[in-house]
Each structure stands twice: as C-alpha cells, then as structure tokens.
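What follows is a short report on a single structure.
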Amino acid sequence: MFDAPMDGLVLWLGLSAISLSVAGVAVALPAGTTPDATAVARTVDDVATSEHRVTATVRTRADAIRVRPERVALRTEAGTGRATFVAAAPVPAWNGSLDSVLDGERPSAAFSNRDAFARAVTRARERVEPWRTAPDRLRVRRVVWGEVDATLVG
C-alpha cells in the first residue's frame, strides 16, 4: 500500500533516457553555421563583369579561405562553405607585386612591362592555393593593362 507504483518508475526511466539523448544531440550540433561563400563569389563576379575598373571589399566571416580559379571556400569550426564563380577566374594576390596592385598601385609602377604583369597573373592563376588565414575583409580589384584583364583577390 505504501509502495511506489511500477508505472512511475518506468516513466521516470523513460524520461531520463529521452533527456540524455536530447542532451547528446545538442552537444553534437555545430557551434554556428557554415560561412557564406556565395557573397564572396558574387562580389568577385560583379567586379569581374563590370564595364569599369572596379574595386570592392566583402566580409569573409571565416577562419580560413582558399581561392581557386573555379571556386572559393571559407572554413570555420562549424564547417566549410563553397561557392562557384560564374564569370570570373580570380587571381589570388596575397603578397608581392600583385598585392601592391590590389592595394591600388598602377600595374605599370609595380611591373617593368606588360609581359611581366601577364606572367605574374598567369603564375598566380595556375598556383595551387593552400588554405590561408582569412582576412576580415577580402579585397577585389579589376585591373586591365593592354591585353591582360585580371580580377585580383586578396
């Protein structure tokens, strides 16, 4: 008469099991969302297709970045976001003379001639880019010098 009903014990054990499984799912979820690489790809495409020589910046909100001729990837603890370029084959310009051109220097001031600029653009496009620490803001600039039309990213 003073014993606990058996249904109460079963109910308590069932609720405990459900609580543990819900807690396990909550702990396994990523801390945030994957970074938005489409905003970066859209900005690069917009600059590349502009009729004018344009410069733009876009926030990355990522820990690491990798720019390839066909796509960009942004990585955080939550995962990796990727987006494909539609109109551009961007030129990574992380350092050296291409970086100074990205900063606003004229290509004729950074390079001895158009051929040297064309070679630098070709080498940068063909280089297999590793993951790099992502800048807070990614800079994009379209540069045209003679026959060379390049969209610099860095």
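Every chain in the structure tokens takes a letter, A first, then B, and so on in the order presented; its residues are numbered from 1, and the ligands are numbered from 1 following the presented order.
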
- [ ] Using only C-alpha atoms, determine which residues lie at most 12 Å from A:Ser100, disregarding the query and same-chain residues fewer than 2 positions distant; provide the list as a PyMOL selection string.
- [x] chain A and resi 93-98+102-111+139+141+152-154

Those same residues - all heavy atoms - I'd like them written as a compact mmCIF listing (two decimals), in the first residue's frame.
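Below is the file that was written, again-v3.txt:
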```txt
# COMPACT_ATOMS: atom_id res chain seq x y z
N ALA A 93 46.05 37.34 -55.00
CA ALA A 93 47.13 38.33 -54.87
C ALA A 93 47.39 38.54 -53.38
O ALA A 93 46.97 39.54 -52.81
CB ALA A 93 46.73 39.64 -55.55
N TRP A 94 48.07 37.59 -52.77
CA TRP A 94 48.28 37.66 -51.32
C TRP A 94 49.54 38.42 -50.95
O TRP A 94 49.65 38.91 -49.84
CB TRP A 94 48.31 36.25 -50.74
CG TRP A 94 47.05 35.49 -50.99
CD1 TRP A 94 46.89 34.44 -51.83
CD2 TRP A 94 45.76 35.73 -50.42
NE1 TRP A 94 45.58 34.01 -51.81
CE2 TRP A 94 44.87 34.79 -50.95
CE3 TRP A 94 45.28 36.66 -49.50
CZ2 TRP A 94 43.53 34.74 -50.59
CZ3 TRP A 94 43.93 36.61 -49.16
CH2 TRP A 94 43.08 35.66 -49.70
N ASN A 95 50.52 38.47 -51.83
CA ASN A 95 51.76 39.19 -51.50
C ASN A 95 52.49 39.55 -52.78
O ASN A 95 52.11 39.14 -53.87
CB ASN A 95 52.65 38.35 -50.58
CG ASN A 95 52.86 36.96 -51.11
OD1 ASN A 95 52.91 36.74 -52.31
ND2 ASN A 95 52.99 36.00 -50.22
N GLY A 96 53.53 40.33 -52.65
CA GLY A 96 54.34 40.70 -53.80
C GLY A 96 53.74 41.82 -54.61
O GLY A 96 52.93 42.62 -54.14
N SER A 97 54.14 41.89 -55.86
CA SER A 97 53.73 42.98 -56.74
C SER A 97 52.23 42.95 -57.04
O SER A 97 51.60 44.01 -57.15
CB SER A 97 54.51 42.93 -58.05
OG SER A 97 55.89 43.10 -57.80
N LEU A 98 51.65 41.77 -57.16
CA LEU A 98 50.21 41.71 -57.40
C LEU A 98 49.42 42.26 -56.22
O LEU A 98 48.39 42.92 -56.38
CB LEU A 98 49.76 40.28 -57.71
CG LEU A 98 50.13 39.75 -59.08
CD1 LEU A 98 49.71 38.29 -59.23
CD2 LEU A 98 49.51 40.58 -60.18
N LEU A 102 46.76 45.27 -56.13
CA LEU A 102 45.47 45.13 -55.47
C LEU A 102 45.23 46.28 -54.49
O LEU A 102 44.10 46.76 -54.34
CB LEU A 102 45.39 43.79 -54.73
CG LEU A 102 44.11 43.48 -53.97
CD1 LEU A 102 42.90 43.46 -54.89
CD2 LEU A 102 44.24 42.16 -53.24
N ASP A 103 46.29 46.76 -53.87
CA ASP A 103 46.19 47.89 -52.94
C ASP A 103 45.95 49.22 -53.64
O ASP A 103 45.68 50.22 -52.99
CB ASP A 103 47.45 48.00 -52.08
CG ASP A 103 47.47 46.99 -50.95
OD1 ASP A 103 46.38 46.50 -50.58
OD2 ASP A 103 48.56 46.70 -50.43
N GLY A 104 46.08 49.25 -54.96
CA GLY A 104 45.79 50.49 -55.68
C GLY A 104 46.92 51.01 -56.54
O GLY A 104 46.75 51.98 -57.27
N GLU A 105 48.08 50.38 -56.45
CA GLU A 105 49.21 50.83 -57.27
C GLU A 105 48.93 50.48 -58.74
O GLU A 105 48.30 49.48 -59.05
CB GLU A 105 50.49 50.14 -56.81
CG GLU A 105 51.74 50.67 -57.46
CD GLU A 105 53.01 50.06 -56.85
OE1 GLU A 105 52.91 49.36 -55.83
OE2 GLU A 105 54.07 50.30 -57.40
N ARG A 106 49.40 51.33 -59.63
CA ARG A 106 49.23 51.06 -61.06
C ARG A 106 50.11 49.88 -61.47
O ARG A 106 51.24 49.75 -60.99
CB ARG A 106 49.62 52.29 -61.86
CG ARG A 106 48.75 53.50 -61.53
CD ARG A 106 49.12 54.62 -62.39
NE ARG A 106 48.72 54.19 -63.74
CZ ARG A 106 48.47 55.01 -64.74
NH1 ARG A 106 48.60 56.29 -64.56
NH2 ARG A 106 48.11 54.55 -65.91
N PRO A 107 49.62 49.01 -62.34
CA PRO A 107 50.44 47.88 -62.79
C PRO A 107 51.75 48.33 -63.43
O PRO A 107 52.78 47.67 -63.26
CB PRO A 107 49.56 47.16 -63.81
CG PRO A 107 48.18 47.60 -63.51
CD PRO A 107 48.28 48.97 -62.91
N SER A 108 51.74 49.46 -64.13
CA SER A 108 52.95 49.95 -64.77
C SER A 108 54.00 50.38 -63.76
O SER A 108 55.19 50.39 -64.07
CB SER A 108 52.62 51.11 -65.71
OG SER A 108 52.00 52.17 -65.00
N ALA A 109 53.58 50.71 -62.54
CA ALA A 109 54.54 51.07 -61.49
C ALA A 109 55.07 49.83 -60.77
O ALA A 109 56.20 49.83 -60.26
CB ALA A 109 53.89 52.02 -60.48
N ALA A 110 54.28 48.78 -60.71
CA ALA A 110 54.68 47.57 -59.98
C ALA A 110 55.45 46.58 -60.86
O ALA A 110 56.21 45.76 -60.34
CB ALA A 110 53.44 46.88 -59.40
N PHE A 111 55.25 46.65 -62.18
CA PHE A 111 55.89 45.71 -63.09
C PHE A 111 56.66 46.48 -64.15
O PHE A 111 56.27 47.57 -64.55
CB PHE A 111 54.84 44.80 -63.75
CG PHE A 111 54.18 43.88 -62.78
CD1 PHE A 111 53.00 44.25 -62.15
CD2 PHE A 111 54.73 42.65 -62.49
CE1 PHE A 111 52.39 43.41 -61.24
CE2 PHE A 111 54.13 41.80 -61.59
CZ PHE A 111 52.95 42.17 -60.96
N ARG A 139 39.56 41.88 -50.41
CA ARG A 139 39.60 42.96 -51.41
C ARG A 139 39.55 42.34 -52.80
O ARG A 139 40.18 41.32 -53.05
CB ARG A 139 40.87 43.78 -51.25
CG ARG A 139 41.00 44.41 -49.88
CD ARG A 139 42.40 44.93 -49.63
NE ARG A 139 43.33 43.79 -49.66
CZ ARG A 139 44.61 43.88 -50.02
NH1 ARG A 139 45.12 45.02 -50.37
NH2 ARG A 139 45.38 42.82 -50.02
N ARG A 141 39.75 43.64 -56.99
CA ARG A 141 40.00 44.75 -57.91
C ARG A 141 40.18 44.22 -59.32
O ARG A 141 40.94 43.27 -59.54
CB ARG A 141 41.25 45.52 -57.49
CG ARG A 141 41.55 46.69 -58.41
CD ARG A 141 42.78 47.46 -58.00
NE ARG A 141 43.01 48.57 -58.91
CZ ARG A 141 44.18 49.14 -59.09
NH1 ARG A 141 45.24 48.76 -58.41
NH2 ARG A 141 44.29 50.13 -59.95
N LEU A 152 41.86 40.73 -59.38
CA LEU A 152 42.74 40.39 -58.27
C LEU A 152 41.92 40.23 -56.99
O LEU A 152 41.02 41.01 -56.73
CB LEU A 152 43.79 41.47 -58.08
CG LEU A 152 44.67 41.80 -59.30
CD1 LEU A 152 45.64 42.92 -58.96
CD2 LEU A 152 45.40 40.57 -59.77
N VAL A 153 42.28 39.22 -56.20
CA VAL A 153 41.58 38.92 -54.94
C VAL A 153 42.62 38.71 -53.86
O VAL A 153 43.58 37.99 -54.05
CB VAL A 153 40.72 37.65 -55.10
CG1 VAL A 153 40.05 37.28 -53.79
CG2 VAL A 153 39.70 37.82 -56.19
N GLY A 154 42.40 39.34 -52.72
CA GLY A 154 43.34 39.13 -51.61
C GLY A 154 42.91 39.81 -50.34
O GLY A 154 41.99 40.57 -50.28
```

Open item on the list: Residues near A:Arg125, anyone? I mean within 10 Å using only C-alpha atoms, not counting same-chain ones fewer than 2 positions away, as an MDAnalysis selection string.
Closed with: chainID A and resid 67:69 89:93 119:123 127:129 150 152

Take the selection from the previous step and output its residues with all heavy atoms, as a short mmCIF file (atom, residue, chain, number, x, y, z; two decimals), in the first residue's frame.
```cif
data_model
loop_
_atom_site.label_atom_id
_atom_site.label_comp_id
_atom_site.auth_asym_id
_atom_site.auth_seq_id
_atom_site.Cartn_x
_atom_site.Cartn_y
_atom_site.Cartn_z
N VAL A 67 41.18 30.26 -52.41
CA VAL A 67 40.66 30.77 -53.68
C VAL A 67 41.26 29.93 -54.80
O VAL A 67 42.47 29.84 -54.94
CB VAL A 67 41.04 32.26 -53.88
CG1 VAL A 67 40.54 32.76 -55.22
CG2 VAL A 67 40.47 33.10 -52.74
N ARG A 68 40.39 29.33 -55.58
CA ARG A 68 40.80 28.56 -56.75
C ARG A 68 40.21 29.23 -57.99
O ARG A 68 39.27 30.04 -57.87
CB ARG A 68 40.27 27.12 -56.64
CG ARG A 68 40.82 26.35 -55.43
CD ARG A 68 42.15 25.71 -55.77
NE ARG A 68 42.83 25.13 -54.65
CZ ARG A 68 42.76 23.86 -54.31
NH1 ARG A 68 42.01 23.03 -54.97
NH2 ARG A 68 43.46 23.41 -53.29
N PRO A 69 40.67 28.91 -59.19
CA PRO A 69 40.13 29.56 -60.39
C PRO A 69 38.62 29.36 -60.57
O PRO A 69 37.95 30.22 -61.10
CB PRO A 69 40.89 28.89 -61.53
CG PRO A 69 42.16 28.42 -60.91
CD PRO A 69 41.81 28.05 -59.49
N ALA A 89 37.64 34.21 -63.29
CA ALA A 89 38.71 33.32 -62.83
C ALA A 89 39.64 34.23 -62.06
O ALA A 89 40.56 34.82 -62.63
CB ALA A 89 39.42 32.65 -63.99
N PRO A 90 39.40 34.40 -60.76
CA PRO A 90 40.15 35.39 -60.00
C PRO A 90 41.62 35.05 -59.87
O PRO A 90 42.02 33.89 -59.98
CB PRO A 90 39.47 35.39 -58.64
CG PRO A 90 38.87 34.05 -58.52
CD PRO A 90 38.48 33.64 -59.92
N VAL A 91 42.40 36.08 -59.65
CA VAL A 91 43.84 35.94 -59.48
C VAL A 91 44.17 36.18 -58.01
O VAL A 91 44.03 37.31 -57.54
CB VAL A 91 44.60 36.96 -60.37
CG1 VAL A 91 46.09 36.83 -60.16
CG2 VAL A 91 44.22 36.78 -61.82
N PRO A 92 44.58 35.15 -57.27
CA PRO A 92 44.96 35.37 -55.87
C PRO A 92 46.17 36.29 -55.79
O PRO A 92 47.18 36.06 -56.46
CB PRO A 92 45.30 33.96 -55.37
CG PRO A 92 44.64 33.03 -56.33
CD PRO A 92 44.64 33.74 -57.65
N ALA A 93 46.05 37.34 -55.00
CA ALA A 93 47.13 38.33 -54.87
C ALA A 93 47.39 38.54 -53.38
O ALA A 93 46.97 39.54 -52.81
CB ALA A 93 46.73 39.64 -55.55
N ARG A 119 52.76 37.50 -67.02
CA ARG A 119 53.37 36.29 -66.45
C ARG A 119 52.99 36.13 -64.98
O ARG A 119 52.69 35.02 -64.52
CB ARG A 119 54.89 36.33 -66.62
CG ARG A 119 55.37 35.98 -68.02
CD ARG A 119 56.88 35.76 -68.06
NE ARG A 119 57.64 36.91 -67.58
CZ ARG A 119 58.02 37.95 -68.32
NH1 ARG A 119 57.70 37.99 -69.60
NH2 ARG A 119 58.71 38.95 -67.80
N ALA A 120 52.99 37.23 -64.23
CA ALA A 120 52.63 37.17 -62.80
C ALA A 120 51.17 36.73 -62.64
O ALA A 120 50.85 35.93 -61.76
CB ALA A 120 52.86 38.52 -62.14
N VAL A 121 50.29 37.24 -63.48
CA VAL A 121 48.88 36.86 -63.43
C VAL A 121 48.73 35.38 -63.77
O VAL A 121 48.02 34.64 -63.07
CB VAL A 121 48.04 37.75 -64.38
CG1 VAL A 121 46.66 37.17 -64.60
CG2 VAL A 121 47.96 39.17 -63.84
N THR A 122 49.39 34.91 -64.80
CA THR A 122 49.31 33.51 -65.20
C THR A 122 49.84 32.59 -64.10
O THR A 122 49.21 31.58 -63.77
CB THR A 122 50.10 33.27 -66.50
OG1 THR A 122 49.55 34.11 -67.52
CG2 THR A 122 50.03 31.83 -66.94
N ARG A 123 50.99 32.93 -63.51
CA ARG A 123 51.55 32.11 -62.42
C ARG A 123 50.60 32.06 -61.23
O ARG A 123 50.41 31.00 -60.63
CB ARG A 123 52.91 32.66 -61.99
CG ARG A 123 54.06 32.19 -62.82
CD ARG A 123 55.41 32.49 -62.15
NE ARG A 123 55.55 33.86 -61.70
CZ ARG A 123 56.04 34.87 -62.42
NH1 ARG A 123 56.47 34.63 -63.65
NH2 ARG A 123 56.13 36.08 -61.93
N ARG A 127 48.84 28.58 -59.78
CA ARG A 127 49.34 28.09 -58.50
C ARG A 127 48.20 27.42 -57.73
O ARG A 127 47.09 27.93 -57.67
CB ARG A 127 49.88 29.27 -57.69
CG ARG A 127 50.53 28.87 -56.39
CD ARG A 127 51.08 30.06 -55.61
NE ARG A 127 51.69 31.06 -56.47
CZ ARG A 127 51.35 32.35 -56.46
NH1 ARG A 127 50.43 32.80 -55.65
NH2 ARG A 127 51.94 33.21 -57.28
N VAL A 128 48.48 26.27 -57.13
CA VAL A 128 47.50 25.60 -56.28
C VAL A 128 47.52 26.30 -54.93
O VAL A 128 48.51 26.25 -54.20
CB VAL A 128 47.83 24.10 -56.14
CG1 VAL A 128 46.86 23.44 -55.18
CG2 VAL A 128 47.81 23.42 -57.49
N GLU A 129 46.42 26.97 -54.63
CA GLU A 129 46.35 27.78 -53.41
C GLU A 129 46.07 26.92 -52.19
O GLU A 129 45.12 26.12 -52.18
CB GLU A 129 45.25 28.83 -53.54
CG GLU A 129 45.64 30.03 -54.35
CD GLU A 129 46.72 30.86 -53.69
OE1 GLU A 129 46.58 31.22 -52.52
OE2 GLU A 129 47.72 31.14 -54.36
N ALA A 150 42.53 41.23 -65.48
CA ALA A 150 42.63 40.37 -64.31
C ALA A 150 41.76 40.89 -63.18
O ALA A 150 41.66 42.09 -62.96
CB ALA A 150 44.07 40.28 -63.84
N LEU A 152 41.86 40.73 -59.38
CA LEU A 152 42.74 40.39 -58.27
C LEU A 152 41.92 40.23 -56.99
O LEU A 152 41.02 41.01 -56.73
CB LEU A 152 43.79 41.47 -58.08
CG LEU A 152 44.67 41.80 -59.30
CD1 LEU A 152 45.64 42.92 -58.96
CD2 LEU A 152 45.40 40.57 -59.77
#
```

TODO: Could you give me, as JSON, numbers by chain, each residue of chain A that DSSP assigns to helix (DSSP H, G or I) when run on this structure's backbone?
DONE: {"A": [6, 7, 8, 9, 10, 11, 12, 13, 14, 15, 16, 17, 18, 19, 20, 21, 22, 23, 24, 25, 26, 27, 28, 37, 38, 39, 40, 41, 42, 43, 44, 45, 46, 47, 48, 49, 96, 97, 98, 99, 100, 101, 102, 107, 108, 109, 110, 114, 115, 116, 117, 118, 119, 120, 121, 122, 123, 124, 125, 126]}

TODO: From the DSSP assignment of the backbone, select every residue of chain A that is strand (DSSP E), and format the answer as a PyMOL selection string.
DONE: chain A and resi 55-59+64-67+71-76+79-84+91-92+132-133+137-145+148-153

Task: One-decimal distance in Å that lies between atom CA of A:Val40 and atom CA of A:Thr80 - done: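 The value is 13.6 Å.
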
Task: Best match for closeness to A:Arg59 among A:Leu15, A:Leu74, A:Val144, A:Leu20, counting only C-alpha atoms - done: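 The answer is A:Leu74, which sits nearest to A:Arg59.
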
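Counting only C-alpha atoms and comparing A:Trp145, A:Asp36, A:Asp136, A:Ala17, the residue that lies closest to A:Ala116 is A:Trp145.
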
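Closest approach to A:Thr57 among A:Glu77, A:Pro135, A:Glu147, A:Glu126: A:Pro135, based on only C-alpha atoms.
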
Open item on the list: What's the separation between atom CA of A:His52 and atom CA of A:Arg114, in Å to one decimal place?
Closed with: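 Interatomic distance, atom CA of A:His52 to atom CA of A:Arg114: 19.6 Å.
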
Can you tell me which residues surround A:Ala48 at a distance of at most 8 Å, considering only C-alpha atoms, apart from same-chain residues fewer than 2 positions away, and format the answer as a short mmCIF file (atom, residue, chain, number, x, y, z; two decimals) with all heavy atoms, in the first residue's frame?
```
data_model
loop_
_atom_site.label_atom_id
_atom_site.label_comp_id
_atom_site.auth_asym_id
_atom_site.auth_seq_id
_atom_site.Cartn_x
_atom_site.Cartn_y
_atom_site.Cartn_z
N VAL A 44 33.13 38.92 -56.40
CA VAL A 44 34.18 38.72 -57.41
C VAL A 44 33.58 38.75 -58.81
O VAL A 44 34.11 39.41 -59.71
CB VAL A 44 34.94 37.41 -57.15
CG1 VAL A 44 35.89 37.09 -58.30
CG2 VAL A 44 35.71 37.48 -55.84
N ASP A 45 32.46 38.08 -59.00
CA ASP A 45 31.81 38.08 -60.31
C ASP A 45 31.32 39.47 -60.71
O ASP A 45 31.44 39.87 -61.87
CB ASP A 45 30.64 37.09 -60.33
CG ASP A 45 31.09 35.64 -60.42
OD1 ASP A 45 32.19 35.40 -60.94
OD2 ASP A 45 30.34 34.76 -59.98
N ASP A 46 30.77 40.22 -59.74
CA ASP A 46 30.31 41.58 -60.04
C ASP A 46 31.46 42.48 -60.47
O ASP A 46 31.33 43.26 -61.42
CB ASP A 46 29.60 42.19 -58.83
CG ASP A 46 28.24 41.57 -58.56
OD1 ASP A 46 27.72 40.85 -59.45
OD2 ASP A 46 27.70 41.80 -57.46
N SER A 50 32.08 43.99 -64.45
CA SER A 50 31.81 45.42 -64.55
C SER A 50 32.47 46.01 -65.80
O SER A 50 33.54 45.56 -66.22
CB SER A 50 32.34 46.14 -63.31
OG SER A 50 32.22 47.53 -63.46
N ALA A 87 31.47 34.11 -63.60
CA ALA A 87 32.04 34.89 -64.69
C ALA A 87 33.53 35.16 -64.56
O ALA A 87 34.13 35.69 -65.48
CB ALA A 87 31.32 36.24 -64.77
N ALA A 88 34.12 34.81 -63.46
CA ALA A 88 35.50 35.23 -63.23
C ALA A 88 36.40 34.05 -62.94
O ALA A 88 35.97 33.05 -62.39
CB ALA A 88 35.55 36.20 -62.06
N ARG A 142 39.50 44.85 -60.25
CA ARG A 142 39.68 44.52 -61.67
C ARG A 142 40.73 45.45 -62.25
O ARG A 142 40.65 46.66 -62.11
CB ARG A 142 38.37 44.67 -62.43
CG ARG A 142 38.53 44.32 -63.89
CD ARG A 142 37.21 44.30 -64.59
NE ARG A 142 37.44 44.03 -66.00
CZ ARG A 142 36.76 44.62 -66.96
NH1 ARG A 142 35.81 45.47 -66.68
NH2 ARG A 142 37.02 44.33 -68.21
N ALA A 150 42.53 41.23 -65.48
CA ALA A 150 42.63 40.37 -64.31
C ALA A 150 41.76 40.89 -63.18
O ALA A 150 41.66 42.09 -62.96
CB ALA A 150 44.07 40.28 -63.84
N THR A 151 41.14 39.96 -62.46
CA THR A 151 40.39 40.29 -61.25
C THR A 151 41.22 39.79 -60.07
O THR A 151 41.30 38.59 -59.83
CB THR A 151 39.01 39.62 -61.26
OG1 THR A 151 38.32 40.00 -62.45
CG2 THR A 151 38.20 40.03 -60.06
#
```

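Using only C-alpha atoms, the nearest neighbour of A:Ala41 within the list A:Arg75, A:Arg82, A:Arg132, A:Arg137 is A:Arg82.
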
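If only C-alpha atoms are the atoms counted, then among A:Thr43, A:Ala124, A:Val22, A:Ala134 the closest residue to A:Ala73 is A:Ala134.
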
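For the atom pair formed by atom CA of A:Phe85 and atom CA of A:Val47, the distance is 11.6 Å, given to one decimal.
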
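Distance annotation: of A:Thr133, A:Thr55, A:Thr34, A:Ser16, the residue with the minimal separation from A:Thr76 is A:Thr34; atom set is only C-alpha atoms.
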
Task: Exercise: A:Ala83 partners within 6 Å, only C-alpha atoms, chain neighbours under 4 positions left out, as an NGL selection string - done: :A and (37-38 or 71-72)

Residues just named, written with all heavy atoms as a CSV table (one decimal), in the first residue's frame:
```
chain,number,residue,atom,x,y,z
A,37,ALA,N,30.0,31.6,-48.5
A,37,ALA,CA,31.0,31.8,-49.6
A,37,ALA,C,30.3,32.4,-50.8
A,37,ALA,O,31.0,33.0,-51.7
A,37,ALA,CB,31.7,30.5,-50.0
A,38,THR,N,29.0,32.4,-50.9
A,38,THR,CA,28.3,32.9,-52.1
A,38,THR,C,28.5,34.4,-52.2
A,38,THR,O,28.5,35.0,-53.3
A,38,THR,CB,26.8,32.5,-52.1
A,38,THR,OG1,26.2,33.0,-50.9
A,38,THR,CG2,26.7,31.0,-52.3
A,71,ARG,N,36.4,28.3,-57.9
A,71,ARG,CA,35.5,28.4,-56.7
A,71,ARG,C,36.3,29.0,-55.5
A,71,ARG,O,37.6,29.0,-55.5
A,71,ARG,CB,34.8,27.1,-56.3
A,71,ARG,CG,35.8,26.1,-55.7
A,71,ARG,CD,35.0,24.9,-55.3
A,71,ARG,NE,35.9,23.8,-55.1
A,71,ARG,CZ,36.1,22.8,-55.9
A,71,ARG,NH1,35.5,22.8,-57.1
A,71,ARG,NH2,37.0,21.9,-55.7
A,72,VAL,N,35.6,29.4,-54.5
A,72,VAL,CA,36.1,29.9,-53.3
A,72,VAL,C,35.6,29.1,-52.2
A,72,VAL,O,34.4,28.6,-52.2
A,72,VAL,CB,35.8,31.4,-53.1
A,72,VAL,CG1,34.3,31.6,-53.0
A,72,VAL,CG2,36.5,32.0,-51.8
```
